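Structure data (PDB, C-alpha atoms and all ligand atoms) from start24.pdb:
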```pdb
MODEL        1
ATOM      1  CA  MET A   1     203.134-111.892  54.456
ATOM      2  CA  SER A   2     200.535-113.290  52.084
ATOM      3  CA  ALA A   3     201.662-116.868  52.944
ATOM      4  CA  THR A   4     200.103-116.696  56.396
ATOM      5  CA  LYS A   5     196.938-114.804  55.421
ATOM      6  CA  SER A   6     193.790-116.719  54.499
ATOM      7  CA  TYR A   7     192.574-116.706  50.895
ATOM      8  CA  GLY A   8     189.530-114.751  52.142
ATOM      9  CA  GLU A   9     191.636-112.017  53.761
ATOM     10  CA  ARG A  10     193.783-111.777  50.655
ATOM     11  CA  ALA A  11     190.643-111.491  48.487
ATOM     12  CA  LYS A  12     189.523-108.438  50.451
ATOM     13  CA  LEU A  13     192.820-106.674  49.823
ATOM     14  CA  HIS A  14     193.503-107.726  46.244
ATOM     15  CA  SER A  15     193.437-105.033  43.549
ATOM     16  CA  ASN A  16     192.912-107.358  40.563
ATOM     17  CA  PRO A  17     189.202-108.272  40.162
ATOM     18  CA  THR A  18     189.837-111.745  38.715
ATOM     19  CA  ALA A  19     192.412-112.675  41.354
ATOM     20  CA  LYS A  20     190.010-111.355  43.977
ATOM     21  CA  ALA A  21     187.149-113.476  42.624
ATOM     22  CA  PHE A  22     189.434-116.514  42.484
ATOM     23  CA  LEU A  23     190.620-116.123  46.092
ATOM     24  CA  GLU A  24     186.986-115.673  47.197
ATOM     25  CA  LEU A  25     186.032-118.824  45.311
ATOM     26  CA  MET A  26     188.753-120.872  47.048
ATOM     27  CA  GLU A  27     187.633-119.615  50.454
ATOM     28  CA  ARG A  28     183.919-120.196  49.724
ATOM     29  CA  LYS A  29     184.398-123.685  48.299
ATOM     30  CA  LYS A  30     187.238-124.702  50.616
ATOM     31  CA  THR A  31     189.430-125.999  47.850
ATOM     32  CA  ASN A  32     192.823-125.129  46.426
ATOM     33  CA  LEU A  33     192.744-127.997  43.940
ATOM     34  CA  SER A  34     193.073-127.493  40.188
ATOM     35  CA  LEU A  35     192.384-130.420  37.875
ATOM     36  CA  ALA A  36     194.775-130.781  34.936
ATOM     37  CA  ALA A  37     192.314-132.348  32.498
ATOM     38  CA  ASP A  38     194.634-133.608  29.767
ATOM     39  CA  LEU A  39     192.133-135.734  27.858
ATOM     40  CA  THR A  40     191.904-135.932  24.086
ATOM     41  CA  SER A  41     188.180-136.505  23.632
ATOM     42  CA  LYS A  42     185.527-133.833  24.124
ATOM     43  CA  ALA A  43     183.016-136.216  25.735
ATOM     44  CA  ALA A  44     185.626-137.597  28.156
ATOM     45  CA  LEU A  45     186.770-134.102  29.113
ATOM     46  CA  ILE A  46     183.216-132.940  29.813
ATOM     47  CA  GLU A  47     182.443-136.072  31.805
ATOM     48  CA  LEU A  48     185.590-135.650  33.906
ATOM     49  CA  ALA A  49     184.961-131.933  34.526
ATOM     50  CA  ASP A  50     181.416-132.708  35.670
ATOM     51  CA  LYS A  51     182.545-135.484  38.045
ATOM     52  CA  VAL A  52     185.436-133.552  39.553
ATOM     53  CA  GLY A  53     183.771-130.115  39.420
ATOM     54  CA  PRO A  54     182.486-130.173  43.019
ATOM     55  CA  TYR A  55     186.030-130.498  44.410
ATOM     56  CA  ILE A  56     188.043-127.979  42.380
ATOM     57  CA  CYS A  57     188.561-124.230  42.208
ATOM     58  CA  LEU A  58     190.113-124.329  38.742
ATOM     59  CA  LEU A  59     189.852-126.486  35.639
ATOM     60  CA  LYS A  60     193.151-126.453  33.782
ATOM     61  CA  THR A  61     192.922-127.334  30.104
ATOM     62  CA  HIS A  62     195.263-128.088  27.208
ATOM     63  CA  ILE A  63     192.601-127.339  24.650
ATOM     64  CA  ASP A  64     194.864-128.167  21.686
ATOM     65  CA  VAL A  65     195.030-131.866  22.629
ATOM     66  CA  VAL A  66     191.274-132.333  22.160
ATOM     67  CA  GLU A  67     190.748-134.123  18.862
ATOM     68  CA  ASP A  68     187.109-133.139  18.326
ATOM     69  CA  PHE A  69     187.281-129.586  19.662
ATOM     70  CA  ASP A  70     184.384-127.294  18.781
ATOM     71  CA  GLN A  71     182.666-124.228  20.215
ATOM     72  CA  ASP A  72     180.151-126.487  21.946
ATOM     73  CA  LEU A  73     182.971-127.866  24.120
ATOM     74  CA  VAL A  74     183.727-124.342  25.289
ATOM     75  CA  ASP A  75     180.028-123.679  25.928
ATOM     76  CA  GLN A  76     179.711-126.877  27.946
ATOM     77  CA  LEU A  77     182.855-126.234  30.004
ATOM     78  CA  THR A  78     181.694-122.694  30.710
ATOM     79  CA  ALA A  79     178.297-124.041  31.819
ATOM     80  CA  LEU A  80     180.024-126.571  34.102
ATOM     81  CA  ALA A  81     182.158-123.783  35.563
ATOM     82  CA  LYS A  82     178.919-121.998  36.533
ATOM     83  CA  LYS A  83     177.220-125.177  37.770
ATOM     84  CA  HIS A  84     180.095-126.250  40.015
ATOM     85  CA  ASP A  85     181.633-122.846  40.778
ATOM     86  CA  PHE A  86     185.127-123.117  39.320
ATOM     87  CA  MET A  87     187.246-120.999  36.989
ATOM     88  CA  ILE A  88     189.032-122.057  33.794
ATOM     89  CA  PHE A  89     192.764-121.874  33.090
ATOM     90  CA  GLU A  90     194.020-122.673  29.596
ATOM     91  CA  ASP A  91     197.617-123.780  30.151
ATOM     92  CA  ARG A  92     198.706-122.360  26.759
ATOM     93  CA  LYS A  93     202.251-121.401  27.774
ATOM     94  CA  PHE A  94     202.524-118.599  25.221
ATOM     95  CA  ALA A  95     206.125-118.038  24.160
ATOM     96  CA  ASP A  96     206.269-115.688  21.126
ATOM     97  CA  ILE A  97     206.634-111.973  20.440
ATOM     98  CA  GLY A  98     203.881-109.596  21.565
ATOM     99  CA  ASN A  99     202.188-109.228  18.181
ATOM    100  CA  THR A 100     202.007-112.983  17.563
ATOM    101  CA  VAL A 101     200.681-113.882  21.010
ATOM    102  CA  LYS A 102     197.928-111.288  20.601
ATOM    103  CA  LEU A 103     196.704-113.283  17.599
ATOM    104  CA  GLN A 104     197.211-116.667  19.265
ATOM    105  CA  TYR A 105     195.284-115.514  22.358
ATOM    106  CA  SER A 106     192.355-113.857  20.581
ATOM    107  CA  SER A 107     191.990-115.710  17.283
ATOM    108  CA  GLY A 108     192.428-119.039  15.489
ATOM    109  CA  ILE A 109     190.235-122.032  16.249
ATOM    110  CA  TYR A 110     190.402-121.727  20.022
ATOM    111  CA  LYS A 111     189.844-117.998  20.733
ATOM    112  CA  ILE A 112     191.304-118.613  24.206
ATOM    113  CA  ALA A 113     190.720-115.091  25.494
ATOM    114  CA  SER A 114     186.977-115.434  24.932
ATOM    115  CA  TRP A 115     186.549-118.216  27.508
ATOM    116  CA  SER A 116     189.644-118.780  29.656
ATOM    117  CA  ASP A 117     189.719-116.721  32.866
ATOM    118  CA  ILE A 118     193.429-117.346  33.337
ATOM    119  CA  THR A 119     196.247-118.235  30.970
ATOM    120  CA  ASN A 120     200.038-118.341  31.226
ATOM    121  CA  ALA A 121     203.205-117.355  29.409
ATOM    122  CA  HIS A 122     206.911-117.987  29.347
ATOM    123  CA  THR A 123     209.072-114.886  29.736
ATOM    124  CA  VAL A 124     211.741-116.049  27.248
ATOM    125  CA  PRO A 125     210.732-113.375  24.674
ATOM    126  CA  GLY A 126     210.991-110.482  27.176
ATOM    127  CA  GLU A 127     208.262-108.154  28.385
ATOM    128  CA  GLY A 128     206.591-107.692  24.963
ATOM    129  CA  ILE A 129     204.810-111.013  25.482
ATOM    130  CA  ILE A 130     203.096-109.661  28.594
ATOM    131  CA  ARG A 131     202.168-106.397  26.875
ATOM    132  CA  GLY A 132     200.680-108.233  23.895
ATOM    133  CA  LEU A 133     198.579-110.592  26.013
ATOM    134  CA  ARG A 134     197.550-107.724  28.282
ATOM    135  CA  ASP A 135     196.206-105.711  25.324
ATOM    136  CA  ILE A 136     193.767-108.531  24.625
ATOM    137  CA  GLY A 137     193.115-109.871  28.125
ATOM    138  CA  LEU A 138     192.749-106.820  30.314
ATOM    139  CA  PRO A 139     189.593-105.414  28.631
ATOM    140  CA  LEU A 140     188.010-108.879  29.053
ATOM    141  CA  ASN A 141     188.937-109.102  32.757
ATOM    142  CA  ARG A 142     191.332-111.960  32.122
ATOM    143  CA  CYS A 143     194.597-112.457  33.943
ATOM    144  CA  LEU A 144     197.990-114.048  33.451
ATOM    145  CA  LEU A 145     200.414-116.313  35.274
ATOM    146  CA  LEU A 146     204.090-116.267  34.388
ATOM    147  CA  LEU A 147     206.076-119.492  34.292
ATOM    148  CA  ALA A 148     208.781-118.645  36.799
ATOM    149  CA  GLU A 149     209.764-122.301  37.278
ATOM    150  CA  MET A 150     208.654-125.704  35.985
ATOM    151  CA  SER A 151     208.143-129.058  37.639
ATOM    152  CA  SER A 152     210.145-131.101  35.158
ATOM    153  CA  ALA A 153     213.646-132.441  35.765
ATOM    154  CA  GLY A 154     216.399-130.308  34.250
ATOM    155  CA  THR A 155     214.219-127.224  33.679
ATOM    156  CA  LEU A 156     216.133-124.117  32.593
ATOM    157  CA  ALA A 157     213.647-121.846  34.380
ATOM    158  CA  LYS A 158     215.706-121.135  37.498
ATOM    159  CA  GLY A 159     218.088-118.616  39.075
ATOM    160  CA  ASP A 160     218.240-115.256  37.293
ATOM    161  CA  TYR A 161     215.487-116.304  34.890
ATOM    162  CA  THR A 162     213.105-116.805  37.814
ATOM    163  CA  THR A 163     214.205-113.564  39.515
ATOM    164  CA  THR A 164     213.663-111.506  36.353
ATOM    165  CA  THR A 165     210.287-113.145  35.800
ATOM    166  CA  VAL A 166     209.177-112.035  39.269
ATOM    167  CA  GLU A 167     210.325-108.475  38.510
ATOM    168  CA  LEU A 168     208.284-108.509  35.280
ATOM    169  CA  ALA A 169     205.227-109.668  37.211
ATOM    170  CA  ARG A 170     205.619-106.695  39.573
ATOM    171  CA  LYS A 171     205.852-104.325  36.624
ATOM    172  CA  TYR A 172     202.569-105.587  35.107
ATOM    173  CA  LYS A 173     200.643-106.293  38.288
ATOM    174  CA  ASP A 174     197.345-105.136  36.811
ATOM    175  CA  PHE A 175     197.359-108.229  34.560
ATOM    176  CA  VAL A 176     199.904-110.664  36.016
ATOM    177  CA  VAL A 177     198.390-112.173  39.161
ATOM    178  CA  GLY A 178     200.765-115.019  39.890
ATOM    179  CA  PHE A 179     203.171-117.710  38.861
ATOM    180  CA  ILE A 180     203.603-121.290  37.909
ATOM    181  CA  ALA A 181     206.208-121.942  40.561
ATOM    182  CA  MET A 182     207.647-124.668  42.724
ATOM    183  CA  ARG A 183     207.854-122.520  45.872
ATOM    184  CA  ARG A 184     206.760-119.123  47.174
ATOM    185  CA  TYR A 185     209.223-116.241  46.691
ATOM    186  CA  GLU A 186     209.954-113.483  49.161
ATOM    187  CA  ASP A 187     207.276-110.777  49.099
ATOM    188  CA  LYS A 188     208.091-107.155  48.452
ATOM    189  CA  GLU A 189     205.811-104.386  49.772
ATOM    190  CA  GLY A 190     202.421-104.672  48.055
ATOM    191  CA  ASP A 191     202.954-108.151  46.531
ATOM    192  CA  ASP A 192     200.185-110.728  46.605
ATOM    193  CA  PHE A 193     200.863-113.210  43.851
ATOM    194  CA  ILE A 194     198.983-116.502  43.546
ATOM    195  CA  TYR A 195     201.345-119.481  43.332
ATOM    196  CA  MET A 196     200.098-122.414  41.290
ATOM    197  CA  THR A 197     202.092-125.625  41.348
ATOM    198  CA  PRO A 198     201.964-128.624  39.032
ATOM    199  CA  GLY A 199     203.847-131.809  39.768
ATOM    200  CA  VAL A 200     201.680-132.856  42.717
ATOM    201  CA  GLY A 201     200.912-136.461  43.610
ATOM    202  CA  LEU A 202     199.879-138.438  46.679
ATOM    203  CA  ASP A 203     200.891-141.856  45.431
ATOM    204  CA  GLN A 204     203.797-141.579  42.967
ATOM    205  CA  THR A 205     206.885-139.378  42.589
ATOM    206  CA  THR A 206     207.819-139.647  38.890
ATOM    207  CA  ASP A 207     206.320-140.626  35.548
ATOM    208  CA  GLY A 208     209.520-141.740  33.805
ATOM    209  CA  LEU A 209     209.345-138.734  31.429
ATOM    210  CA  GLY A 210     210.798-136.061  33.678
ATOM    211  CA  GLN A 211     207.679-135.136  35.635
ATOM    212  CA  GLN A 212     208.346-134.879  39.380
ATOM    213  CA  TRP A 213     205.402-135.176  41.792
ATOM    214  CA  LYS A 214     205.490-133.826  45.347
ATOM    215  CA  HIS A 215     203.061-134.305  48.216
ATOM    216  CA  PRO A 216     200.491-131.489  48.749
ATOM    217  CA  GLU A 217     201.815-131.036  52.309
ATOM    218  CA  VAL A 218     205.252-130.174  50.974
ATOM    219  CA  VAL A 219     203.922-127.941  48.196
ATOM    220  CA  VAL A 220     201.345-125.946  50.180
ATOM    221  CA  ARG A 221     202.440-126.076  53.818
ATOM    222  CA  ASP A 222     206.217-126.215  53.529
ATOM    223  CA  LEU A 223     206.901-124.408  50.232
ATOM    224  CA  GLY A 224     204.031-121.894  50.534
ATOM    225  CA  CYS A 225     202.246-122.460  47.220
ATOM    226  CA  ASP A 226     198.532-121.680  46.917
ATOM    227  CA  VAL A 227     197.056-124.012  44.307
ATOM    228  CA  ILE A 228     197.890-127.655  43.644
ATOM    229  CA  ILE A 229     197.553-128.743  40.032
ATOM    230  CA  VAL A 230     196.837-132.468  39.703
ATOM    231  CA  GLY A 231     196.244-134.501  36.567
ATOM    232  CA  ARG A 232     196.981-138.208  36.352
ATOM    233  CA  GLY A 233     196.768-138.639  40.122
ATOM    234  CA  ILE A 234     193.041-137.981  39.669
ATOM    235  CA  TYR A 235     192.087-139.442  36.299
ATOM    236  CA  ASP A 236     194.628-142.184  35.457
ATOM    237  CA  GLN A 237     193.072-145.457  34.374
ATOM    238  CA  GLY A 238     191.704-147.504  37.223
ATOM    239  CA  ARG A 239     191.135-144.469  39.430
ATOM    240  CA  ASP A 240     187.741-143.093  40.500
ATOM    241  CA  PRO A 241     188.167-139.378  39.637
ATOM    242  CA  ALA A 242     185.601-138.022  42.104
ATOM    243  CA  HIS A 243     187.081-140.075  44.939
ATOM    244  CA  GLU A 244     190.654-139.052  44.082
ATOM    245  CA  ALA A 245     189.679-135.396  43.662
ATOM    246  CA  GLN A 246     188.136-135.439  47.126
ATOM    247  CA  ARG A 247     191.373-136.906  48.544
ATOM    248  CA  TYR A 248     193.431-134.155  46.902
ATOM    249  CA  GLN A 249     190.977-131.449  47.954
ATOM    250  CA  GLU A 250     191.223-132.608  51.582
ATOM    251  CA  ALA A 251     195.005-132.924  51.487
ATOM    252  CA  GLY A 252     195.445-129.498  49.854
ATOM    253  CA  TRP A 253     193.072-127.789  52.264
ATOM    254  CA  LYS A 254     194.601-129.418  55.337
ATOM    255  CA  ALA A 255     198.059-128.303  54.237
ATOM    256  CA  TYR A 256     196.774-124.740  53.683
ATOM    257  CA  LYS A 257     195.102-124.623  57.127
ATOM    258  CA  GLU A 258     198.318-125.790  58.720
ATOM    259  CA  ARG A 259     200.190-123.069  56.870
ATOM    260  CA  ILE A 260     197.987-120.237  57.993
ATOM    261  CA  GLN A 261     197.731-121.869  61.437
ATOM    262  CA  LEU A 262     193.966-121.562  61.829
TER     263      LEU A 262
HETATM  264  F1  LIG B   1     204.099-125.445  33.788
HETATM  265  C1  LIG B   1     203.912-126.713  34.015
HETATM  266  C2  LIG B   1     204.920-127.474  34.655
HETATM  267  O1  LIG B   1     205.975-126.960  35.032
HETATM  268  N1  LIG B   1     204.669-128.779  34.893
HETATM  269  C3  LIG B   1     203.497-129.369  34.506
HETATM  270  O2  LIG B   1     203.318-130.570  34.750
HETATM  271  C4  LIG B   1     202.738-127.314  33.651
HETATM  272  N2  LIG B   1     202.532-128.625  33.888
HETATM  273  C5  LIG B   1     201.217-129.158  33.496
HETATM  274  O3  LIG B   1     200.547-129.655  34.637
HETATM  275  C6  LIG B   1     201.282-130.306  32.494
HETATM  276  O4  LIG B   1     201.225-129.791  31.194
HETATM  277  C7  LIG B   1     200.051-131.110  32.865
HETATM  278  O5  LIG B   1     198.911-130.569  32.225
HETATM  279  C8  LIG B   1     199.890-130.881  34.349
HETATM  280  C9  LIG B   1     200.447-131.970  35.241
HETATM  281  O6  LIG B   1     199.770-133.174  35.060
HETATM  282  P1  LIG B   1     200.136-134.509  35.891
HETATM  283  O7  LIG B   1     199.348-135.571  35.189
HETATM  284  O8  LIG B   1     199.646-134.262  37.312
HETATM  285  O9  LIG B   1     201.607-134.708  35.819
ENDMDL
END
```

Now, as a test, write the supplied structure out as structure tokens.
Amino acid sequence: MSATKSYGERAKLHSNPTAKAFLELMERKKTNLSLAADLTSKAALIELADKVGPYICLLKTHIDVVEDFDQDLVDQLTALAKKHDFMIFEDRKFADIGNTVKLQYSSGIYKIASWSDITNAHTVPGEGIIRGLRDIGLPLNRCLLLLAEMSSAGTLAKGDYTTTTVELARKYKDFVVGFIAMRRYEDKEGDDFIYMTPGVGLDQTTDGLGQQWKHPEVVVRDLGCDVIIVGRGIYDQGRDPAHEAQRYQEAGWKAYKERIQL
């Protein structure tokens, strides 16, 4: 069961090079925290990534909310990823047919495939979306998460939709390394998916717009997820991002240690 193995043990066994490198990074840096950096200014995003960088394994971006986006932002984020030892995940949530997502992933203003180690996709269109993204991403050593569930109230991603999404991930294991999910699913022989979970908060439970925040203990220890994705809990006005990130790093790591019973 991958839930009770350490990230380091899982890294040794993993067949996907990017997932392997990511699991090694978490073990080395002792963090399973991803920052959801939903800021609209380039300077603010860079400043936040630099402050929080020491505590995270993954910087999650929504690059299309940045008002003054340019290639220099990408260069600076990539440099910070090297400086602080984290990976980058553009939370693009692709959702179109294979041919269109190939263009959206490789081209346009953002050229996501050229800089984002990990991205994600809905499975609404069927398996063509995975094949399209894989054509672009695999030669660049990128990898994909599928949205098997969402954190928001009333989400339609549940039941058979989730089950079929997991089956699709198994079919394209060379590129699909995990899920956006609210809990860990039962492993089948040979599975080792990475479970990343948004909707995590230490201090609040809702934002009044459908977001639902759970405690890291529940998410990692009790529900078996691997990575906690935290945004406003770290950078909301009045908070000290480095201090909050450290709190979340400690809480996430403690919950993980309890899970693997070290
Ligand atoms: F796929 C999902 C999801 O189901 N829920 C989410 O909240 C993604 N998210 C993202 O995680 C969302 O787009 C934000 O970027 C982030 C959560 O930020 P918060 O400020 O911690 O609520």

For ligand LIG 1 (chain B), list the contacting residues at 8 Å or closer, counting all atoms listed in the file, as a ChimeraX atom specification.
/A:36-38,60-62,91,93,147,149-152,180-181,197-201,207,211-213,229-234

Long-range neighbours of A:Leu168 as an MDAnalysis selection string, 8 Å cut-off, all atoms listed in the file, 4 positions minimum in chain:
chainID A and resid 127 164 172

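Applied to this file, the PyMOL selection byres (((chain A and resi 98) around 8) and not hetatm) selects the residues Asp96, Ile97, Asn99, Thr100, Val101, Lys102, Gly128, Ile129, Ile130, Arg131, Gly132 and Leu133 of chain A.
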
What does the distance between atom CA of A:Ala44 and atom CA of A:Ala79 come to in Å, to one decimal place?
15.8 Å

Go through the shown structure with the PyMOL selection byres (((chain A and resi 1-10) around 8) and not hetatm) and write out the matching residues as a list in words.
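Applying the PyMOL selection byres (((chain A and resi 1-10) around 8) and not hetatm) to the structure shown produces Ala11, Lys12, Leu13, His14, Lys20, Leu23, Glu24, Met26, Glu27, Asp187, Asp191, Asp192, Gly224, Arg259, Ile260 and Gln261 of chain A.
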
One decimal, in Å: what's the spacing between atom CA of A:Asp64 and atom CA of A:Gly210?
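So the answer is 21.4 Å.
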
Can you translate the PyMOL selection byres (((chain A and resi 161) around 10) and not hetatm) into the concrete residues it hits in this file, as JSON, numbers by chain?
{"A": [123, 124, 147, 148, 149, 156, 157, 158, 159, 160, 162, 163, 164, 165, 166]}

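Atom pair atom CA of A:Leu80 / atom CA of A:Leu146 has a distance of 26.2 Å (rounded to one decimal).
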